[in-house]
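Have a look at model_3.txt; it's compact mmCIF, C-alpha atoms and all ligand atoms:
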```txt
# COMPACT_ATOMS: atom_id res chain seq x y z
CA MET A 1064 -12.03 15.56 -0.76
CA GLU A 1065 -10.52 14.27 -3.99
CA LYS A 1066 -8.76 11.20 -5.33
CA LEU A 1067 -6.39 11.12 -8.23
CA TYR A 1068 -4.92 7.90 -9.57
CA GLY A 1069 -1.60 8.12 -11.45
CA THR A 1070 0.17 11.31 -12.46
CA GLY A 1071 0.60 13.67 -15.41
CA GLU A 1072 -1.17 12.81 -18.63
CA VAL A 1073 -2.43 9.44 -17.43
CA ALA A 1074 -3.94 10.81 -14.20
CA VAL A 1075 -7.51 9.71 -13.49
CA HIS A 1076 -9.63 11.99 -11.38
CA ALA A 1077 -11.66 9.29 -9.61
CA LEU A 1078 -13.25 11.64 -7.04
CA ILE A 1079 -13.65 15.39 -7.46
CA ASP A 1080 -14.86 17.89 -4.83
CA VAL A 1081 -16.64 15.23 -2.80
CA CYS A 1082 -18.12 16.87 0.27
CA LEU A 1083 -20.48 14.70 2.30
CA GLU A 1084 -21.73 14.43 5.83
CA LEU A 1085 -23.65 11.28 6.70
CA PRO A 1086 -25.33 10.47 10.03
CA ARG A 1087 -24.98 7.26 12.01
CA GLY A 1088 -27.62 4.56 12.02
CA GLU A 1089 -28.77 4.84 8.42
CA LEU A 1090 -28.63 2.56 5.43
CA VAL A 1091 -27.03 4.72 2.76
CA VAL A 1092 -26.89 3.55 -0.85
CA PHE A 1093 -24.20 4.96 -3.15
CA VAL A 1094 -25.32 4.58 -6.75
CA GLY A 1095 -23.81 5.47 -10.09
CA PRO A 1096 -22.65 3.96 -13.36
CA SER A 1097 -19.51 1.88 -13.65
CA GLY A 1098 -16.43 4.07 -13.22
CA SER A 1099 -18.25 6.83 -11.32
CA GLY A 1100 -16.03 6.41 -8.25
CA LYS A 1101 -18.18 4.28 -5.95
CA THR A 1102 -15.54 1.71 -5.02
CA THR A 1103 -12.88 4.40 -4.65
CA LEU A 1104 -15.07 6.32 -2.22
CA LEU A 1105 -15.97 3.22 -0.22
CA ASN A 1106 -12.32 2.15 -0.02
CA ILE A 1107 -11.35 5.58 1.32
CA ILE A 1108 -14.13 5.48 3.91
CA GLY A 1109 -12.97 1.99 4.91
CA GLY A 1110 -9.33 3.02 5.28
CA LEU A 1111 -8.22 0.80 2.39
CA ASP A 1112 -7.06 3.81 0.41
CA HIS A 1113 -6.13 7.47 1.04
CA PRO A 1114 -7.64 10.59 -0.49
CA THR A 1115 -5.16 12.63 -2.53
CA ASN A 1116 -6.45 15.86 -0.98
CA GLY A 1117 -8.87 16.78 1.74
CA SER A 1118 -10.02 15.02 4.85
CA ILE A 1119 -12.26 12.19 5.91
CA THR A 1120 -13.64 11.68 9.39
CA VAL A 1121 -15.41 8.51 10.52
CA ALA A 1122 -16.86 8.23 14.03
CA GLY A 1123 -14.81 11.24 15.09
CA GLN A 1124 -11.53 9.90 13.74
CA ASP A 1125 -9.67 11.78 10.99
CA LEU A 1126 -8.46 9.00 8.70
CA ALA A 1127 -6.29 11.18 6.47
CA GLY A 1128 -4.07 11.97 9.46
CA LEU A 1129 -3.69 8.40 10.73
CA PRO A 1130 -0.37 6.58 10.48
CA GLU A 1131 -0.53 3.25 8.61
CA ALA A 1132 -0.58 1.12 11.78
CA GLU A 1133 -3.50 3.10 13.19
CA LEU A 1134 -5.32 2.86 9.89
CA THR A 1135 -4.94 -0.93 9.96
CA ARG A 1136 -6.37 -0.95 13.48
CA TYR A 1137 -9.26 1.24 12.32
CA ARG A 1138 -10.00 -1.21 9.48
CA ARG A 1139 -9.82 -4.24 11.77
CA GLN A 1140 -11.84 -2.88 14.66
CA LYS A 1141 -14.21 -0.28 13.29
CA VAL A 1142 -15.23 -1.43 9.83
CA GLY A 1143 -17.00 -4.54 8.60
CA PHE A 1144 -16.51 -5.23 4.90
CA VAL A 1145 -18.78 -7.19 2.57
CA PHE A 1146 -17.64 -7.68 -1.02
CA GLN A 1147 -19.24 -8.96 -4.21
CA PHE A 1148 -17.44 -12.28 -3.92
CA PHE A 1149 -17.90 -13.53 -0.41
CA ASN A 1150 -14.24 -14.33 0.38
CA LEU A 1151 -15.09 -17.10 2.86
CA VAL A 1152 -12.49 -19.67 3.92
CA PRO A 1153 -13.68 -22.84 2.11
CA THR A 1154 -12.23 -25.28 4.66
CA LEU A 1155 -14.04 -23.66 7.60
CA THR A 1156 -17.74 -23.94 8.45
CA ALA A 1157 -19.98 -20.87 8.57
CA ARG A 1158 -19.50 -20.66 12.33
CA GLU A 1159 -15.72 -21.06 12.08
CA ASN A 1160 -15.53 -18.36 9.40
CA VAL A 1161 -17.24 -15.96 11.79
CA GLU A 1162 -15.19 -17.15 14.81
CA LEU A 1163 -11.98 -16.44 12.94
CA VAL A 1164 -12.89 -12.75 12.78
CA ALA A 1165 -14.36 -12.69 16.30
CA GLU A 1166 -11.01 -13.86 17.69
CA LEU A 1167 -9.29 -10.79 16.24
CA ALA A 1168 -11.93 -8.30 17.38
CA GLU A 1169 -11.65 -6.12 20.47
CA SER A 1170 -15.15 -6.72 21.78
CA PRO A 1171 -16.86 -9.23 19.51
CA ALA A 1172 -20.53 -10.07 19.56
CA ASP A 1173 -21.68 -13.63 20.29
CA VAL A 1174 -21.01 -15.72 17.17
CA GLY A 1175 -24.15 -17.84 17.54
CA GLN A 1176 -26.36 -14.81 18.00
CA VAL A 1177 -24.89 -13.06 14.98
CA LEU A 1178 -25.50 -16.15 12.82
CA GLU A 1179 -29.08 -16.21 14.12
CA SER A 1180 -29.51 -12.53 13.29
CA VAL A 1181 -28.66 -13.14 9.63
CA GLY A 1182 -31.00 -16.14 9.54
CA LEU A 1183 -28.29 -18.81 9.49
CA GLY A 1184 -28.58 -20.35 12.95
CA HIS A 1185 -29.56 -23.68 11.38
CA ARG A 1186 -26.72 -23.55 8.81
CA ALA A 1187 -23.86 -22.73 11.18
CA ASP A 1188 -22.08 -26.04 10.78
CA HIS A 1189 -22.19 -26.15 6.99
CA PHE A 1190 -19.17 -25.48 4.81
CA PRO A 1191 -19.43 -22.64 2.25
CA ALA A 1192 -19.71 -25.10 -0.66
CA ALA A 1193 -22.91 -26.50 0.88
CA LEU A 1194 -24.50 -23.04 1.12
CA SER A 1195 -26.28 -21.04 -1.58
CA GLY A 1196 -24.70 -17.80 -2.81
CA GLY A 1197 -27.14 -15.79 -0.71
CA GLU A 1198 -26.35 -17.84 2.38
CA GLN A 1199 -22.63 -17.41 1.79
CA GLN A 1200 -23.11 -13.68 1.50
CA ARG A 1201 -25.02 -13.69 4.80
CA VAL A 1202 -22.08 -15.51 6.41
CA ALA A 1203 -19.89 -12.71 5.04
CA LEU A 1204 -22.28 -10.20 6.59
CA ALA A 1205 -22.19 -12.10 9.92
CA ARG A 1206 -18.40 -11.92 9.77
CA ALA A 1207 -18.63 -8.16 9.35
CA LEU A 1208 -21.22 -7.81 12.13
CA VAL A 1209 -19.39 -9.91 14.73
CA LYS A 1210 -16.78 -7.18 15.18
CA ARG A 1211 -19.57 -4.82 16.26
CA PRO A 1212 -18.12 -2.24 13.87
CA ASP A 1213 -19.04 1.44 13.71
CA LEU A 1214 -19.67 1.00 10.03
CA ILE A 1215 -20.52 -1.78 7.58
CA LEU A 1216 -19.37 -1.26 4.01
CA ALA A 1217 -20.78 -3.42 1.24
CA ASP A 1218 -19.52 -3.10 -2.35
CA GLU A 1219 -22.02 -4.60 -4.82
CA PRO A 1220 -23.01 -7.29 -2.28
CA THR A 1221 -25.69 -8.70 -4.59
CA GLY A 1222 -23.57 -8.40 -7.73
CA SER A 1223 -23.00 -12.12 -8.07
CA LEU A 1224 -26.35 -13.31 -6.73
CA ASP A 1225 -29.59 -14.20 -8.46
CA TYR A 1226 -32.66 -12.11 -7.77
CA GLU A 1227 -34.18 -14.17 -4.92
CA THR A 1228 -30.99 -14.63 -2.92
CA GLY A 1229 -30.01 -11.02 -3.56
CA ILE A 1230 -33.28 -9.85 -2.02
CA ARG A 1231 -32.65 -12.02 1.05
CA VAL A 1232 -29.24 -10.40 1.53
CA LEU A 1233 -30.73 -6.92 1.14
CA GLU A 1234 -33.45 -7.77 3.66
CA THR A 1235 -30.78 -8.83 6.13
CA MET A 1236 -28.88 -5.60 5.57
CA ARG A 1237 -32.05 -3.60 6.03
CA ALA A 1238 -32.79 -5.49 9.25
CA VAL A 1239 -29.35 -4.95 10.80
CA THR A 1240 -29.76 -1.21 10.30
CA ARG A 1241 -33.33 -1.00 11.52
CA ASP A 1242 -33.16 -3.50 14.40
CA SER A 1243 -29.61 -3.09 15.69
CA GLY A 1244 -28.90 0.50 14.71
CA HIS A 1245 -25.92 -0.35 12.52
CA THR A 1246 -24.71 2.13 9.94
CA VAL A 1247 -24.52 0.49 6.52
CA PHE A 1248 -23.08 1.98 3.33
CA LEU A 1249 -23.99 -0.07 0.29
CA VAL A 1250 -22.59 0.50 -3.19
CA THR A 1251 -24.53 -0.56 -6.27
CA HIS A 1252 -25.00 0.30 -9.92
CA ASN A 1253 -28.61 -0.97 -9.68
CA SER A 1254 -30.86 2.07 -9.22
CA GLU A 1255 -33.78 -0.09 -8.05
CA ILE A 1256 -31.83 -0.85 -4.84
CA THR A 1257 -31.86 2.87 -3.95
CA ARG A 1258 -35.56 2.54 -3.06
CA MET A 1259 -34.70 0.59 0.12
CA ALA A 1260 -32.24 3.22 1.40
CA ASP A 1261 -32.73 5.86 4.06
CA ARG A 1262 -30.47 8.09 1.99
CA VAL A 1263 -29.11 7.87 -1.54
CA VAL A 1264 -25.85 9.39 -2.75
CA HIS A 1265 -25.73 9.63 -6.55
CA LEU A 1266 -22.23 9.63 -8.02
CA ARG A 1267 -21.50 10.73 -11.56
CA SER A 1268 -17.98 10.99 -13.05
CA GLY A 1269 -16.40 11.21 -9.61
CA ARG A 1270 -18.74 13.88 -8.29
CA VAL A 1271 -21.66 13.75 -5.91
CA ALA A 1272 -24.48 14.65 -8.28
CA GLU A 1273 -27.35 14.49 -5.81
CA ILE A 1274 -28.29 13.34 -2.31
CA GLU A 1275 -31.83 12.12 -1.71
CA VAL A 1276 -33.52 11.32 1.59
CA ASN A 1277 -36.17 8.59 1.47
CA ALA A 1278 -38.83 9.28 4.07
CA GLU A 1279 -40.33 5.84 3.49
CA PRO A 1280 -37.82 3.27 2.29
CA VAL A 1281 -39.37 0.36 0.40
CA PRO A 1282 -38.96 -3.15 1.87
CA PRO A 1283 -36.44 -5.10 -0.25
CA SER A 1284 -39.12 -7.72 -1.03
CA GLN A 1285 -40.87 -5.06 -3.13
CA LEU A 1286 -37.85 -4.35 -5.31
CA ARG A 1287 -37.99 -5.69 -8.88
CA TRP A 1288 -35.26 -6.04 -11.45
N1 LIG B 1 -6.13 1.52 -9.02
C1 LIG B 1 -6.53 2.34 -9.98
N2 LIG B 1 -5.65 2.94 -10.81
C2 LIG B 1 -6.05 3.80 -11.78
N3 LIG B 1 -7.34 4.13 -12.00
C3 LIG B 1 -8.26 3.57 -11.21
C4 LIG B 1 -7.92 2.65 -10.17
N4 LIG B 1 -9.06 2.27 -9.54
C5 LIG B 1 -10.06 2.91 -10.18
N5 LIG B 1 -9.59 3.70 -11.17
C6 LIG B 1 -10.38 4.57 -12.05
O1 LIG B 1 -11.09 5.47 -11.21
C7 LIG B 1 -12.41 5.66 -11.69
C8 LIG B 1 -13.42 5.24 -10.63
O2 LIG B 1 -13.33 3.82 -10.44
P1 LIG B 1 -14.19 3.03 -9.37
O3 LIG B 1 -14.12 3.76 -8.07
O4 LIG B 1 -13.74 1.62 -9.39
O5 LIG B 1 -15.66 3.17 -9.97
P2 LIG B 1 -16.98 2.29 -9.72
O6 LIG B 1 -16.79 1.48 -8.48
O7 LIG B 1 -18.07 3.32 -9.61
O8 LIG B 1 -17.16 1.45 -10.94
C9 LIG B 1 -12.51 4.87 -12.99
O9 LIG B 1 -12.22 5.73 -14.06
C10 LIG B 1 -11.43 3.82 -12.83
O10 LIG B 1 -10.96 3.39 -14.08
MG MG B 2 -16.93 -0.57 -8.13
```
Entire entry expressed as structure tokens:
Amino acid sequence: MEKLYGTGEVAVHALIDVCLELPRGELVVFVGPSGSGKTTLLNIIGGLDHPTNGSITVAGQDLAGLPEAELTRYRRQKVGFVFQFFNLVPTLTARENVELVAELAESPADVGQVLESVGLGHRADHFPAALSGGEQQRVALARALVKRPDLILADEPTGSLDYETGIRVLETMRAVTRDSGHTVFLVTHNSEITRMADRVVHLRSGRVAEIEVNAEPVPPSQLRW
């Protein structure tokens, strides 16, 4: 699969010869320097963007062949997104932020249970401004989880958090994979975070440079940066 931005002399080859097959139920970390193609790859997997050439199949569905309306449905129903900046609705409580997404989902999980699962049961009625950055990011994760998606995609989810709150978010992500069998793809430029992954995809200049399997992922609490 490849992705080209622009045309002619200004064309940027963001992804080149990417050929990957990833199993369900793992926490996969995509790592590489800035500009290596991480966000582009994640956006294509999430149906936010199209590859220029080649194919991409998620949970048996070929995304490259999907008409736009189907792709929107795929994004809404099958994928939970978590971004660097939490994108919560400031005028809604944590619970209401999650409910908003649950109402649009085909077969949502129980909102209260999902908030419990990310450790926010006691914070459900707080507004985002009254929550720490790490708590806000866990609301964002709850919002992704409540759809019961096939896949959770997180682009630099700790990028705007301090160390302690970042670790809490990573612990929650680790737990949703291990305890509930979710598939999580996490993008980072921080190589320390790769130690908590089941599998690590190294990107360099738009190419997959290496894929590592971690037999014994390290608990996030042991990561240091
Ligand atoms: N919308 C765009 N238009 C043109 N070039 C882009 C666009 N988005 C990303 N790029 C380029 O594609 C390459 C990969 O970018 P990106 O996927 O954002 O990398 P990363 O997330 O690893 O920092 C970079 O050279 C970047 O400048
Ligand atoms: Mg990026």
Restricting to only C-alpha atoms, whichever of A:Arg1241, A:His1113, A:His1189, A:His1252 is closest to Glu1219 of chain A is A:His1252
Please write out, as AutoDock Vina command-line options, where the centre of an axis-aligned box around all listed atoms of segment 1106-1120 of chain A lies and how long its edges are, in Å to one decimal, after adding 4 Å on each side.
```
--center_x -9.6 --center_y 8.8 --center_z 3.4 --size_x 17.0 --size_y 24.0 --size_z 19.9
```
Among the residues A:Leu1134, A:Ala1168, A:Val1091, A:Ala1074, the one that comes closest to Thr1246 of chain A [using all atoms listed in the file]
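Smallest distance to Thr1246 of chain A is found for A:Val1091.
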Of A:Glu1133, A:Leu1214, A:Pro1171, A:Thr1115, the one nearest to Thr1070 of chain A when counting all atoms listed in the file is A:Thr1115
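Taking only C-alpha atoms and all ligand atoms into account, ligand LIG 1 (chain B) lies nearest to A:Asn1253 out of the set A:Ser1284, A:Gln1140, A:Asn1253, A:Asn1116.
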Residues within 6 Å of ligand LIG 1 (chain B) (only C-alpha atoms and all ligand atoms), as a count of residues only?
11
Between A:Asn1106, A:Thr1235, A:Ser1223, A:Ser1243, which one has atoms that come closest to Arg1201 of chain A, using all atoms listed in the file?
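Ranked by minimum distance to Arg1201 of chain A, first place goes to A:Thr1235.
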So that I can see what lies close to Val1094 of chain A, please list as a list in words the residues with an atom at most 7 Å from it, counting all atoms listed in the file and leaving out residues fewer than 5 positions away in the same chain.
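The residues satisfying every condition are Val1250, Thr1251, His1252, Ser1254, Val1264, His1265 and Leu1266 of chain A.
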Segment 1159-1274 of chain A from the block above, C-alpha atoms, as an mmCIF file, in the first residue's frame, please?
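This is the output file decode-v1.cif:
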```
data_model
loop_
_atom_site.group_PDB
_atom_site.id
_atom_site.type_symbol
_atom_site.label_atom_id
_atom_site.label_comp_id
_atom_site.auth_asym_id
_atom_site.auth_seq_id
_atom_site.Cartn_x
_atom_site.Cartn_y
_atom_site.Cartn_z
ATOM 1 C CA GLU A 1159 -22.802 13.091 28.781
ATOM 2 C CA ASN A 1160 -19.742 13.175 26.515
ATOM 3 C CA VAL A 1161 -19.789 9.380 26.440
ATOM 4 C CA GLU A 1162 -23.604 9.202 26.095
ATOM 5 C CA LEU A 1163 -23.451 11.439 23.040
ATOM 6 C CA VAL A 1164 -21.395 8.814 21.214
ATOM 7 C CA ALA A 1165 -23.372 5.891 22.665
ATOM 8 C CA GLU A 1166 -26.564 7.323 21.162
ATOM 9 C CA LEU A 1167 -25.060 7.130 17.673
ATOM 10 C CA ALA A 1168 -23.649 3.623 18.067
ATOM 11 C CA GLU A 1169 -25.293 0.466 16.758
ATOM 12 C CA SER A 1170 -24.824 -1.630 19.880
ATOM 13 C CA PRO A 1171 -23.242 0.554 22.550
ATOM 14 C CA ALA A 1172 -21.813 -0.692 25.810
ATOM 15 C CA ASP A 1173 -23.238 0.530 29.127
ATOM 16 C CA VAL A 1174 -21.994 4.096 29.667
ATOM 17 C CA GLY A 1175 -21.586 3.710 33.437
ATOM 18 C CA GLN A 1176 -19.637 0.490 33.069
ATOM 19 C CA VAL A 1177 -17.323 1.976 30.472
ATOM 20 C CA LEU A 1178 -16.596 4.959 32.732
ATOM 21 C CA GLU A 1179 -15.861 2.498 35.549
ATOM 22 C CA SER A 1180 -13.544 0.519 33.296
ATOM 23 C CA VAL A 1181 -11.371 3.581 32.649
ATOM 24 C CA GLY A 1182 -11.356 4.401 36.372
ATOM 25 C CA LEU A 1183 -13.715 7.373 36.171
ATOM 26 C CA GLY A 1184 -16.871 6.049 37.822
ATOM 27 C CA HIS A 1185 -16.504 8.641 40.587
ATOM 28 C CA ARG A 1186 -15.863 11.494 38.120
ATOM 29 C CA ALA A 1187 -18.773 10.855 35.757
ATOM 30 C CA ASP A 1188 -20.667 14.016 36.624
ATOM 31 C CA HIS A 1189 -17.722 16.393 36.337
ATOM 32 C CA PHE A 1190 -17.256 18.755 33.417
ATOM 33 C CA PRO A 1191 -14.014 18.457 31.405
ATOM 34 C CA ALA A 1192 -12.608 21.675 32.913
ATOM 35 C CA ALA A 1193 -12.791 20.078 36.383
ATOM 36 C CA LEU A 1194 -10.799 17.022 35.254
ATOM 37 C CA SER A 1195 -7.045 16.615 34.890
ATOM 38 C CA GLY A 1196 -5.567 16.105 31.418
ATOM 39 C CA GLY A 1197 -5.183 12.396 32.109
ATOM 40 C CA GLU A 1198 -8.787 12.117 33.265
ATOM 41 C CA GLN A 1199 -9.982 13.977 30.188
ATOM 42 C CA GLN A 1200 -8.026 11.598 27.997
ATOM 43 C CA ARG A 1201 -9.648 8.655 29.792
ATOM 44 C CA VAL A 1202 -13.064 10.175 29.046
ATOM 45 C CA ALA A 1203 -11.957 10.306 25.404
ATOM 46 C CA LEU A 1204 -10.976 6.646 25.655
ATOM 47 C CA ALA A 1205 -14.355 5.803 27.247
ATOM 48 C CA ARG A 1206 -16.030 7.571 24.347
ATOM 49 C CA ALA A 1207 -14.082 5.380 21.933
ATOM 50 C CA LEU A 1208 -14.823 2.205 23.918
ATOM 51 C CA VAL A 1209 -18.569 2.762 24.302
ATOM 52 C CA LYS A 1210 -19.109 2.006 20.607
ATOM 53 C CA ARG A 1211 -17.628 -1.453 21.195
ATOM 54 C CA PRO A 1212 -15.458 -0.892 18.127
ATOM 55 C CA ASP A 1213 -13.406 -3.522 16.312
ATOM 56 C CA LEU A 1214 -10.425 -1.248 16.628
ATOM 57 C CA ILE A 1215 -9.229 1.604 18.833
ATOM 58 C CA LEU A 1216 -6.828 4.061 17.220
ATOM 59 C CA ALA A 1217 -4.855 6.466 19.376
ATOM 60 C CA ASP A 1218 -2.572 9.098 17.817
ATOM 61 C CA GLU A 1219 -0.036 10.399 20.366
ATOM 62 C CA PRO A 1220 -2.596 10.018 23.199
ATOM 63 C CA THR A 1221 -0.055 11.075 25.827
ATOM 64 C CA GLY A 1222 1.453 13.843 23.708
ATOM 65 C CA SER A 1223 -0.062 16.650 25.746
ATOM 66 C CA LEU A 1224 0.076 14.974 29.161
ATOM 67 C CA ASP A 1225 2.649 15.080 31.919
ATOM 68 C CA TYR A 1226 4.461 11.891 32.849
ATOM 69 C CA GLU A 1227 2.183 10.689 35.677
ATOM 70 C CA THR A 1228 -1.118 11.235 33.892
ATOM 71 C CA GLY A 1229 0.338 9.839 30.669
ATOM 72 C CA ILE A 1230 1.228 6.612 32.459
ATOM 73 C CA ARG A 1231 -2.330 6.344 33.815
ATOM 74 C CA VAL A 1232 -3.724 6.650 30.291
ATOM 75 C CA LEU A 1233 -1.298 4.019 28.998
ATOM 76 C CA GLU A 1234 -2.246 1.694 31.858
ATOM 77 C CA THR A 1235 -5.896 2.075 30.905
ATOM 78 C CA MET A 1236 -5.103 1.307 27.277
ATOM 79 C CA ARG A 1237 -3.097 -1.727 28.308
ATOM 80 C CA ALA A 1238 -5.982 -2.903 30.496
ATOM 81 C CA VAL A 1239 -8.653 -2.584 27.798
ATOM 82 C CA THR A 1240 -6.563 -4.793 25.531
ATOM 83 C CA ARG A 1241 -5.667 -7.366 28.147
ATOM 84 C CA ASP A 1242 -8.979 -7.524 30.038
ATOM 85 C CA SER A 1243 -11.562 -6.910 27.319
ATOM 86 C CA GLY A 1244 -9.710 -8.212 24.275
ATOM 87 C CA HIS A 1245 -9.824 -4.907 22.409
ATOM 88 C CA THR A 1246 -7.428 -4.280 19.554
ATOM 89 C CA VAL A 1247 -5.535 -1.034 20.115
ATOM 90 C CA PHE A 1248 -3.173 0.706 17.684
ATOM 91 C CA LEU A 1249 -1.200 3.453 19.367
ATOM 92 C CA VAL A 1250 1.027 5.928 17.550
ATOM 93 C CA THR A 1251 3.938 7.598 19.323
ATOM 94 C CA HIS A 1252 7.340 9.111 18.665
ATOM 95 C CA ASN A 1253 8.418 8.052 22.183
ATOM 96 C CA SER A 1254 10.379 4.805 21.847
ATOM 97 C CA GLU A 1255 10.045 4.050 25.573
ATOM 98 C CA ILE A 1256 6.303 3.433 25.034
ATOM 99 C CA THR A 1257 7.125 0.547 22.662
ATOM 100 C CA ARG A 1258 8.121 -1.540 25.700
ATOM 101 C CA MET A 1259 4.456 -1.907 26.751
ATOM 102 C CA ALA A 1260 3.314 -3.177 23.328
ATOM 103 C CA ASP A 1261 2.555 -6.718 22.233
ATOM 104 C CA ARG A 1262 3.938 -5.756 18.837
ATOM 105 C CA VAL A 1263 5.914 -2.780 17.577
ATOM 106 C CA VAL A 1264 5.854 -1.434 14.029
ATOM 107 C CA HIS A 1265 8.835 0.848 13.336
ATOM 108 C CA LEU A 1266 8.248 3.417 10.595
ATOM 109 C CA ARG A 1267 11.068 5.281 8.904
ATOM 110 C CA SER A 1268 10.593 7.704 5.986
ATOM 111 C CA GLY A 1269 7.244 6.167 5.087
ATOM 112 C CA ARG A 1270 8.444 2.575 5.156
ATOM 113 C CA VAL A 1271 7.990 -0.207 7.664
ATOM 114 C CA ALA A 1272 11.567 -0.615 8.841
ATOM 115 C CA GLU A 1273 11.001 -3.406 11.347
ATOM 116 C CA ILE A 1274 8.296 -5.318 13.217
#
```
